[in-house]
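Coordinates as given in input20.cif (mmCIF, N, CA and C atoms and all ligand atoms):
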```cif
data_query
#
loop_
_atom_site.label_atom_id
_atom_site.label_comp_id
_atom_site.auth_asym_id
_atom_site.auth_seq_id
_atom_site.Cartn_x
_atom_site.Cartn_y
_atom_site.Cartn_z
N MET O 1 54.34 -77.96 141.75
CA MET O 1 54.97 -77.27 140.63
C MET O 1 54.06 -76.13 140.20
N ASP O 2 54.62 -74.93 140.17
CA ASP O 2 53.77 -73.82 139.79
C ASP O 2 53.52 -73.82 138.28
N GLU O 3 52.55 -73.03 137.88
CA GLU O 3 52.10 -73.03 136.49
C GLU O 3 53.19 -72.60 135.52
N CYS O 4 54.00 -71.61 135.92
CA CYS O 4 55.07 -71.12 135.05
C CYS O 4 56.14 -72.18 134.84
N LEU O 5 56.51 -72.83 135.92
CA LEU O 5 57.52 -73.89 135.82
C LEU O 5 56.98 -75.05 134.97
N ALA O 6 55.73 -75.40 135.15
CA ALA O 6 55.13 -76.49 134.38
C ALA O 6 55.12 -76.14 132.90
N SER O 7 54.79 -74.90 132.59
CA SER O 7 54.77 -74.47 131.19
C SER O 7 56.16 -74.50 130.58
N THR O 8 57.16 -74.06 131.34
CA THR O 8 58.54 -74.09 130.88
C THR O 8 58.99 -75.53 130.63
N LEU O 9 58.64 -76.40 131.56
CA LEU O 9 58.99 -77.81 131.42
C LEU O 9 58.33 -78.41 130.19
N ASP O 10 57.04 -78.14 130.01
CA ASP O 10 56.31 -78.65 128.84
C ASP O 10 56.97 -78.18 127.55
N THR O 11 57.25 -76.90 127.49
CA THR O 11 57.86 -76.33 126.28
C THR O 11 59.22 -76.96 126.01
N ALA O 12 60.03 -77.12 127.04
CA ALA O 12 61.36 -77.70 126.86
C ALA O 12 61.28 -79.12 126.33
N VAL O 13 60.38 -79.91 126.88
CA VAL O 13 60.25 -81.30 126.45
C VAL O 13 59.74 -81.36 125.01
N LEU O 14 58.71 -80.58 124.70
CA LEU O 14 58.16 -80.61 123.34
C LEU O 14 59.18 -80.10 122.32
N GLU O 15 59.95 -79.08 122.69
CA GLU O 15 60.98 -78.58 121.79
C GLU O 15 62.08 -79.62 121.57
N ARG O 16 62.41 -80.36 122.60
CA ARG O 16 63.42 -81.42 122.45
C ARG O 16 62.92 -82.49 121.48
N LEU O 17 61.66 -82.86 121.60
CA LEU O 17 61.10 -83.86 120.70
C LEU O 17 61.07 -83.34 119.25
N GLU O 18 60.73 -82.07 119.08
CA GLU O 18 60.74 -81.48 117.73
C GLU O 18 62.16 -81.45 117.17
N TYR O 19 63.13 -81.14 118.03
CA TYR O 19 64.53 -81.12 117.63
C TYR O 19 64.95 -82.52 117.14
N LEU O 20 64.58 -83.54 117.90
CA LEU O 20 64.92 -84.90 117.50
C LEU O 20 64.26 -85.27 116.18
N ASP O 21 62.99 -84.87 116.02
CA ASP O 21 62.30 -85.12 114.75
C ASP O 21 63.04 -84.46 113.59
N ARG O 22 63.45 -83.20 113.79
CA ARG O 22 64.18 -82.49 112.73
C ARG O 22 65.50 -83.18 112.40
N LEU O 23 66.22 -83.60 113.43
CA LEU O 23 67.49 -84.28 113.20
C LEU O 23 67.28 -85.58 112.40
N VAL O 24 66.26 -86.32 112.76
CA VAL O 24 66.01 -87.58 112.06
C VAL O 24 65.64 -87.33 110.61
N SER O 25 64.83 -86.32 110.38
CA SER O 25 64.34 -86.10 109.00
C SER O 25 65.31 -85.32 108.12
N LYS O 26 66.20 -84.53 108.70
CA LYS O 26 67.03 -83.65 107.88
C LYS O 26 68.53 -83.93 107.94
N SER O 27 68.98 -84.81 108.82
CA SER O 27 70.42 -85.03 108.93
C SER O 27 70.86 -86.20 108.05
N ASP O 28 72.17 -86.27 107.84
CA ASP O 28 72.71 -87.35 107.01
C ASP O 28 72.79 -88.65 107.82
N GLU O 29 73.12 -89.73 107.11
CA GLU O 29 73.13 -91.06 107.72
C GLU O 29 74.09 -91.17 108.92
N PRO O 30 75.33 -90.71 108.81
CA PRO O 30 76.22 -90.81 109.98
C PRO O 30 75.69 -90.03 111.19
N SER O 31 75.08 -88.88 110.94
CA SER O 31 74.52 -88.10 112.05
C SER O 31 73.35 -88.84 112.69
N ARG O 32 72.52 -89.47 111.85
CA ARG O 32 71.38 -90.23 112.39
C ARG O 32 71.87 -91.43 113.20
N ALA O 33 72.93 -92.08 112.73
CA ALA O 33 73.49 -93.22 113.46
C ALA O 33 74.02 -92.76 114.82
N SER O 34 74.69 -91.63 114.82
CA SER O 34 75.21 -91.09 116.08
C SER O 34 74.08 -90.70 117.02
N LEU O 35 73.06 -90.10 116.44
CA LEU O 35 71.89 -89.71 117.22
C LEU O 35 71.22 -90.94 117.83
N ALA O 36 71.07 -91.98 117.04
CA ALA O 36 70.42 -93.20 117.53
C ALA O 36 71.20 -93.79 118.69
N LYS O 37 72.51 -93.74 118.59
CA LYS O 37 73.36 -94.33 119.62
C LYS O 37 73.09 -93.70 120.99
N THR O 38 72.90 -92.41 121.02
CA THR O 38 72.68 -91.74 122.31
C THR O 38 71.20 -91.64 122.67
N GLU O 39 70.39 -91.29 121.70
CA GLU O 39 68.99 -90.98 122.00
C GLU O 39 68.13 -92.21 122.26
N ILE O 40 68.44 -93.33 121.62
CA ILE O 40 67.64 -94.53 121.87
C ILE O 40 67.80 -94.95 123.34
N THR O 41 69.01 -94.89 123.85
CA THR O 41 69.24 -95.22 125.26
C THR O 41 68.51 -94.25 126.17
N ARG O 42 68.59 -92.96 125.85
CA ARG O 42 67.91 -91.96 126.68
C ARG O 42 66.40 -92.15 126.66
N LEU O 43 65.85 -92.41 125.46
CA LEU O 43 64.40 -92.60 125.37
C LEU O 43 63.96 -93.89 126.06
N ALA O 44 64.76 -94.94 125.93
CA ALA O 44 64.43 -96.20 126.62
C ALA O 44 64.48 -95.99 128.14
N ASP O 45 65.48 -95.27 128.59
CA ASP O 45 65.57 -94.97 130.03
C ASP O 45 64.36 -94.15 130.50
N ALA O 46 63.96 -93.19 129.67
CA ALA O 46 62.80 -92.36 130.02
C ALA O 46 61.53 -93.22 130.10
N TRP O 47 61.35 -94.12 129.13
CA TRP O 47 60.19 -95.01 129.17
C TRP O 47 60.22 -95.89 130.42
N ARG O 48 61.39 -96.45 130.72
CA ARG O 48 61.50 -97.31 131.93
C ARG O 48 61.12 -96.53 133.19
N ALA O 49 61.63 -95.31 133.30
CA ALA O 49 61.32 -94.49 134.49
C ALA O 49 59.83 -94.20 134.57
N LEU O 50 59.24 -93.85 133.44
CA LEU O 50 57.81 -93.55 133.41
C LEU O 50 56.98 -94.80 133.74
N LEU O 51 57.35 -95.93 133.15
CA LEU O 51 56.60 -97.16 133.40
C LEU O 51 56.76 -97.63 134.85
N LYS O 52 57.92 -97.38 135.42
CA LYS O 52 58.12 -97.73 136.84
C LYS O 52 57.18 -96.92 137.73
N LEU O 53 57.01 -95.64 137.41
CA LEU O 53 56.08 -94.81 138.19
C LEU O 53 54.65 -95.33 138.09
N HIS O 54 54.33 -95.96 136.95
CA HIS O 54 52.97 -96.42 136.70
C HIS O 54 52.84 -97.93 136.85
N ALA O 55 53.78 -98.54 137.55
CA ALA O 55 53.71 -99.99 137.79
C ALA O 55 52.52 -100.28 138.72
N PRO O 56 51.93 -101.46 138.58
CA PRO O 56 50.79 -101.79 139.45
C PRO O 56 51.24 -101.93 140.90
N ASN O 57 50.38 -101.46 141.80
CA ASN O 57 50.67 -101.63 143.23
C ASN O 57 50.17 -103.00 143.69
N GLU O 58 50.19 -103.24 144.99
CA GLU O 58 49.80 -104.55 145.53
C GLU O 58 48.33 -104.89 145.27
N HIS O 59 47.55 -103.90 144.86
CA HIS O 59 46.14 -104.13 144.54
C HIS O 59 45.91 -104.22 143.03
N GLY O 60 46.99 -104.22 142.27
CA GLY O 60 46.87 -104.32 140.82
C GLY O 60 46.39 -103.03 140.18
N ARG O 61 46.67 -101.91 140.84
CA ARG O 61 46.21 -100.62 140.33
C ARG O 61 47.40 -99.68 140.17
N CYS O 62 47.24 -98.71 139.30
CA CYS O 62 48.27 -97.70 139.12
C CYS O 62 48.08 -96.61 140.17
N SER O 63 49.07 -96.45 141.03
CA SER O 63 48.97 -95.45 142.09
C SER O 63 49.04 -94.03 141.54
N GLU O 64 49.78 -93.83 140.46
CA GLU O 64 49.92 -92.50 139.86
C GLU O 64 48.62 -92.02 139.22
N CYS O 65 47.92 -92.92 138.57
CA CYS O 65 46.70 -92.54 137.85
C CYS O 65 45.45 -92.65 138.70
N SER O 66 45.55 -93.33 139.82
CA SER O 66 44.38 -93.51 140.67
C SER O 66 44.15 -92.30 141.55
N GLY O 67 42.91 -91.92 141.65
CA GLY O 67 42.53 -90.89 142.60
C GLY O 67 42.03 -91.56 143.87
N TRP O 68 41.79 -90.76 144.89
CA TRP O 68 41.33 -91.33 146.15
C TRP O 68 40.01 -92.05 145.98
N LEU O 69 39.13 -91.48 145.19
CA LEU O 69 37.82 -92.09 144.98
C LEU O 69 37.73 -92.94 143.73
N ARG O 70 38.76 -92.84 142.88
CA ARG O 70 38.67 -93.53 141.59
C ARG O 70 39.96 -94.29 141.30
N PRO O 71 40.05 -95.53 141.76
CA PRO O 71 41.24 -96.32 141.47
C PRO O 71 41.31 -96.69 139.98
N ARG O 72 42.51 -96.72 139.45
CA ARG O 72 42.71 -97.05 138.03
C ARG O 72 43.43 -98.38 137.93
N ARG O 73 42.80 -99.33 137.27
CA ARG O 73 43.39 -100.66 137.11
C ARG O 73 44.62 -100.59 136.20
N HIS O 74 45.51 -101.53 136.44
CA HIS O 74 46.66 -101.71 135.54
C HIS O 74 46.19 -102.58 134.37
N PRO O 75 46.54 -102.32 133.16
CA PRO O 75 47.43 -101.26 132.70
C PRO O 75 46.69 -99.93 132.57
N CYS O 76 47.35 -98.89 133.01
CA CYS O 76 46.79 -97.54 132.88
C CYS O 76 47.11 -97.01 131.48
N THR O 77 46.74 -95.78 131.24
CA THR O 77 46.96 -95.22 129.90
C THR O 77 48.43 -95.09 129.54
N VAL O 78 49.29 -94.94 130.53
CA VAL O 78 50.74 -94.85 130.24
C VAL O 78 51.24 -96.18 129.69
N TRP O 79 50.87 -97.28 130.35
CA TRP O 79 51.28 -98.60 129.87
C TRP O 79 50.62 -98.92 128.53
N SER O 80 49.37 -98.53 128.37
CA SER O 80 48.69 -98.76 127.09
C SER O 80 49.36 -97.99 125.97
N THR O 81 49.74 -96.75 126.26
CA THR O 81 50.43 -95.94 125.25
C THR O 81 51.79 -96.54 124.92
N ALA O 82 52.51 -97.02 125.93
CA ALA O 82 53.80 -97.67 125.69
C ALA O 82 53.61 -98.88 124.79
N TYR O 83 52.59 -99.66 125.07
CA TYR O 83 52.33 -100.84 124.25
C TYR O 83 52.04 -100.44 122.81
N GLN O 84 51.19 -99.45 122.66
CA GLN O 84 50.81 -99.01 121.31
C GLN O 84 52.03 -98.56 120.50
N HIS O 85 52.91 -97.81 121.12
CA HIS O 85 54.03 -97.21 120.39
C HIS O 85 55.27 -98.09 120.34
N LEU O 86 55.44 -98.97 121.31
CA LEU O 86 56.65 -99.78 121.34
C LEU O 86 56.44 -101.20 120.83
N ILE O 87 55.23 -101.71 120.91
CA ILE O 87 54.99 -103.11 120.58
C ILE O 87 54.04 -103.29 119.39
N ALA O 88 52.92 -102.59 119.40
CA ALA O 88 51.90 -102.78 118.35
C ALA O 88 52.50 -102.51 116.98
N ALA O 89 52.07 -103.27 116.02
CA ALA O 89 52.67 -103.22 114.68
C ALA O 89 52.61 -101.84 114.05
N ASP O 90 51.47 -101.20 114.09
CA ASP O 90 51.38 -99.91 113.40
C ASP O 90 51.63 -98.73 114.33
N GLY O 91 51.59 -98.95 115.63
CA GLY O 91 51.89 -97.89 116.57
C GLY O 91 50.87 -96.78 116.64
N SER O 92 49.76 -96.95 115.96
CA SER O 92 48.77 -95.87 115.96
C SER O 92 47.89 -95.94 117.20
N PRO O 93 47.57 -94.80 117.75
CA PRO O 93 46.67 -94.78 118.89
C PRO O 93 45.31 -95.42 118.58
N ALA O 94 44.91 -95.43 117.32
CA ALA O 94 43.62 -96.02 116.95
C ALA O 94 43.58 -97.51 117.24
N ALA O 95 44.75 -98.14 117.26
CA ALA O 95 44.83 -99.57 117.54
C ALA O 95 45.04 -99.81 119.02
N GLY O 96 44.71 -98.83 119.83
CA GLY O 96 45.08 -98.83 121.24
C GLY O 96 44.42 -99.83 122.14
N ALA O 97 44.87 -99.75 123.35
CA ALA O 97 44.34 -100.58 124.41
C ALA O 97 43.80 -99.66 125.49
N GLY O 98 43.36 -100.21 126.59
CA GLY O 98 42.89 -99.39 127.69
C GLY O 98 41.39 -99.17 127.63
N ARG O 99 40.95 -98.25 128.48
CA ARG O 99 39.50 -98.08 128.63
C ARG O 99 38.82 -97.58 127.36
N HIS O 100 39.52 -96.79 126.54
CA HIS O 100 38.90 -96.31 125.31
C HIS O 100 38.79 -97.45 124.30
N ALA O 101 39.77 -98.33 124.27
CA ALA O 101 39.70 -99.48 123.39
C ALA O 101 38.56 -100.39 123.80
N ALA O 102 38.42 -100.57 125.12
CA ALA O 102 37.33 -101.41 125.61
C ALA O 102 35.98 -100.83 125.21
N ALA O 103 35.87 -99.51 125.29
CA ALA O 103 34.62 -98.85 124.91
C ALA O 103 34.35 -99.02 123.42
N ALA O 104 35.41 -99.14 122.63
CA ALA O 104 35.26 -99.30 121.19
C ALA O 104 35.14 -100.76 120.79
N GLY O 105 35.13 -101.66 121.79
CA GLY O 105 34.96 -103.07 121.50
C GLY O 105 36.26 -103.82 121.28
N ARG O 106 37.39 -103.14 121.46
CA ARG O 106 38.68 -103.82 121.30
C ARG O 106 39.11 -104.39 122.64
N PRO O 107 39.70 -105.58 122.65
CA PRO O 107 40.12 -106.18 123.92
C PRO O 107 41.39 -105.52 124.45
N ALA O 108 41.29 -104.83 125.58
CA ALA O 108 42.43 -104.11 126.13
C ALA O 108 43.48 -105.04 126.74
N VAL O 109 43.09 -105.90 127.63
CA VAL O 109 44.04 -106.74 128.33
C VAL O 109 44.57 -107.84 127.41
N GLU O 110 43.72 -108.36 126.55
CA GLU O 110 44.15 -109.42 125.66
C GLU O 110 45.31 -108.97 124.77
N MET O 111 45.27 -107.70 124.34
CA MET O 111 46.34 -107.18 123.49
C MET O 111 47.67 -107.22 124.22
N LEU O 112 47.66 -106.89 125.50
CA LEU O 112 48.91 -106.86 126.24
C LEU O 112 49.44 -108.26 126.49
N GLY O 113 48.57 -109.25 126.59
CA GLY O 113 49.00 -110.61 126.84
C GLY O 113 49.46 -111.32 125.59
N ALA O 114 49.03 -110.87 124.43
CA ALA O 114 49.38 -111.52 123.17
C ALA O 114 50.74 -111.05 122.69
N SER O 115 51.59 -111.97 122.37
CA SER O 115 52.86 -111.69 121.69
C SER O 115 53.73 -112.90 121.67
ZN ZN O 201 49.29 -94.87 135.51
#
```

If you took the structure in this file and wrote it as structure tokens, what would it be?
Amino acid sequence: MDECLASTLDTAVLERLEYLDRLVSKSDEPSRASLAKTEITRLADAWRALLKLHAPNEHGRCSECSGWLRPRRHPCTVWSTAYQHLIAADGSPAAGAGRHAAAAGRPAVEMLGAS
């Protein structure tokens, strides 16, 4: 993907997210209900597709995040981010999992197993 196409793609995705934020914060209740009906399914489908790309391989590693010299164990940052935003009570990145959580003394894998 060339740089121009990547930039266009980034802008389009970020603008779509801003549009959804505006709709949620500024539209009336029936409009929000209609929005939820379509967008929740789309966002769930997007998460599923992304998580499928980052599923662990036969070695328990994320093939997408692993480099040739640096394999990345599952859960990678994509799965950790999904957990933080979809499962964790406050959804804040500060309560995260993954290698940064481990460095901060928080149990990364234990969080994913608890529920
Ligand atoms: Zn990954």

* Which residue gives the smallest distance to ligand ZN 201 (chain O) among O:His85, O:His59, O:Arg48, O:Arg72, with all atoms listed in the file counted? ->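 Comparing O:His85, O:His59, O:Arg48, O:Arg72 against ligand ZN 201 (chain O), the winner is O:Arg72.
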
Give one line per residue of chain O that approaches ligand ZN 201 (chain O) to at most 6 Å, naming the two atoms of the closest pair and their distance in Å to one decimal, counting only N, CA and C atoms and all ligand atoms; sort by chain then ascending residue number and deliver it as a tab-separated table.
```
residue	atom	partner	partner_atom	distance
O:Leu53	C	O:ZN201	ZN	6.0
O:His54	CA	O:ZN201	ZN	4.2
O:Cys62	CA	O:ZN201	ZN	4.7
O:Ser63	N	O:ZN201	ZN	5.7
O:Glu64	C	O:ZN201	ZN	4.7
O:Cys65	N	O:ZN201	ZN	3.9
O:Ser66	N	O:ZN201	ZN	5.9
O:Cys76	CA	O:ZN201	ZN	4.5
O:Thr77	N	O:ZN201	ZN	5.1
O:Val78	N	O:ZN201	ZN	5.0
O:Trp79	N	O:ZN201	ZN	5.9
```

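Straight-line separation from atom N of Thr8 (chain O) to atom N of Leu43 (chain O): 21.1 Å.
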
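For the atom pair formed by atom N of Tyr19 (chain O) and CA of Leu51 (chain O), the distance is 23.1 Å, given to one decimal.
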
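Proximity to Arg73 (chain O) was assessed for O:Val24, O:Ala55, O:Ala6, O:Ile40 counting only C-alpha atoms; the smallest distance is recorded for O:Ala55.
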
* Atomic separation - CA of Pro75 (chain O) relative to CA of Pro56 (chain O), Å ->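 Computing it gives 7.6 Å between the two atoms.
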
* Asked: O:Ala88, O:Asn57, O:Arg32, O:Leu5: which is nearest His74 (chain O), counting only N, CA and C atoms?
  ->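 Distance minimum relative to His74 (chain O) lands on O:Asn57.
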
* **Residues of region 9-104 of chain O in helix (DSSP H, G or I), written as a PyMOL selection string** => chain O and resi 9-26+29-53+77-86+93-95+99-103
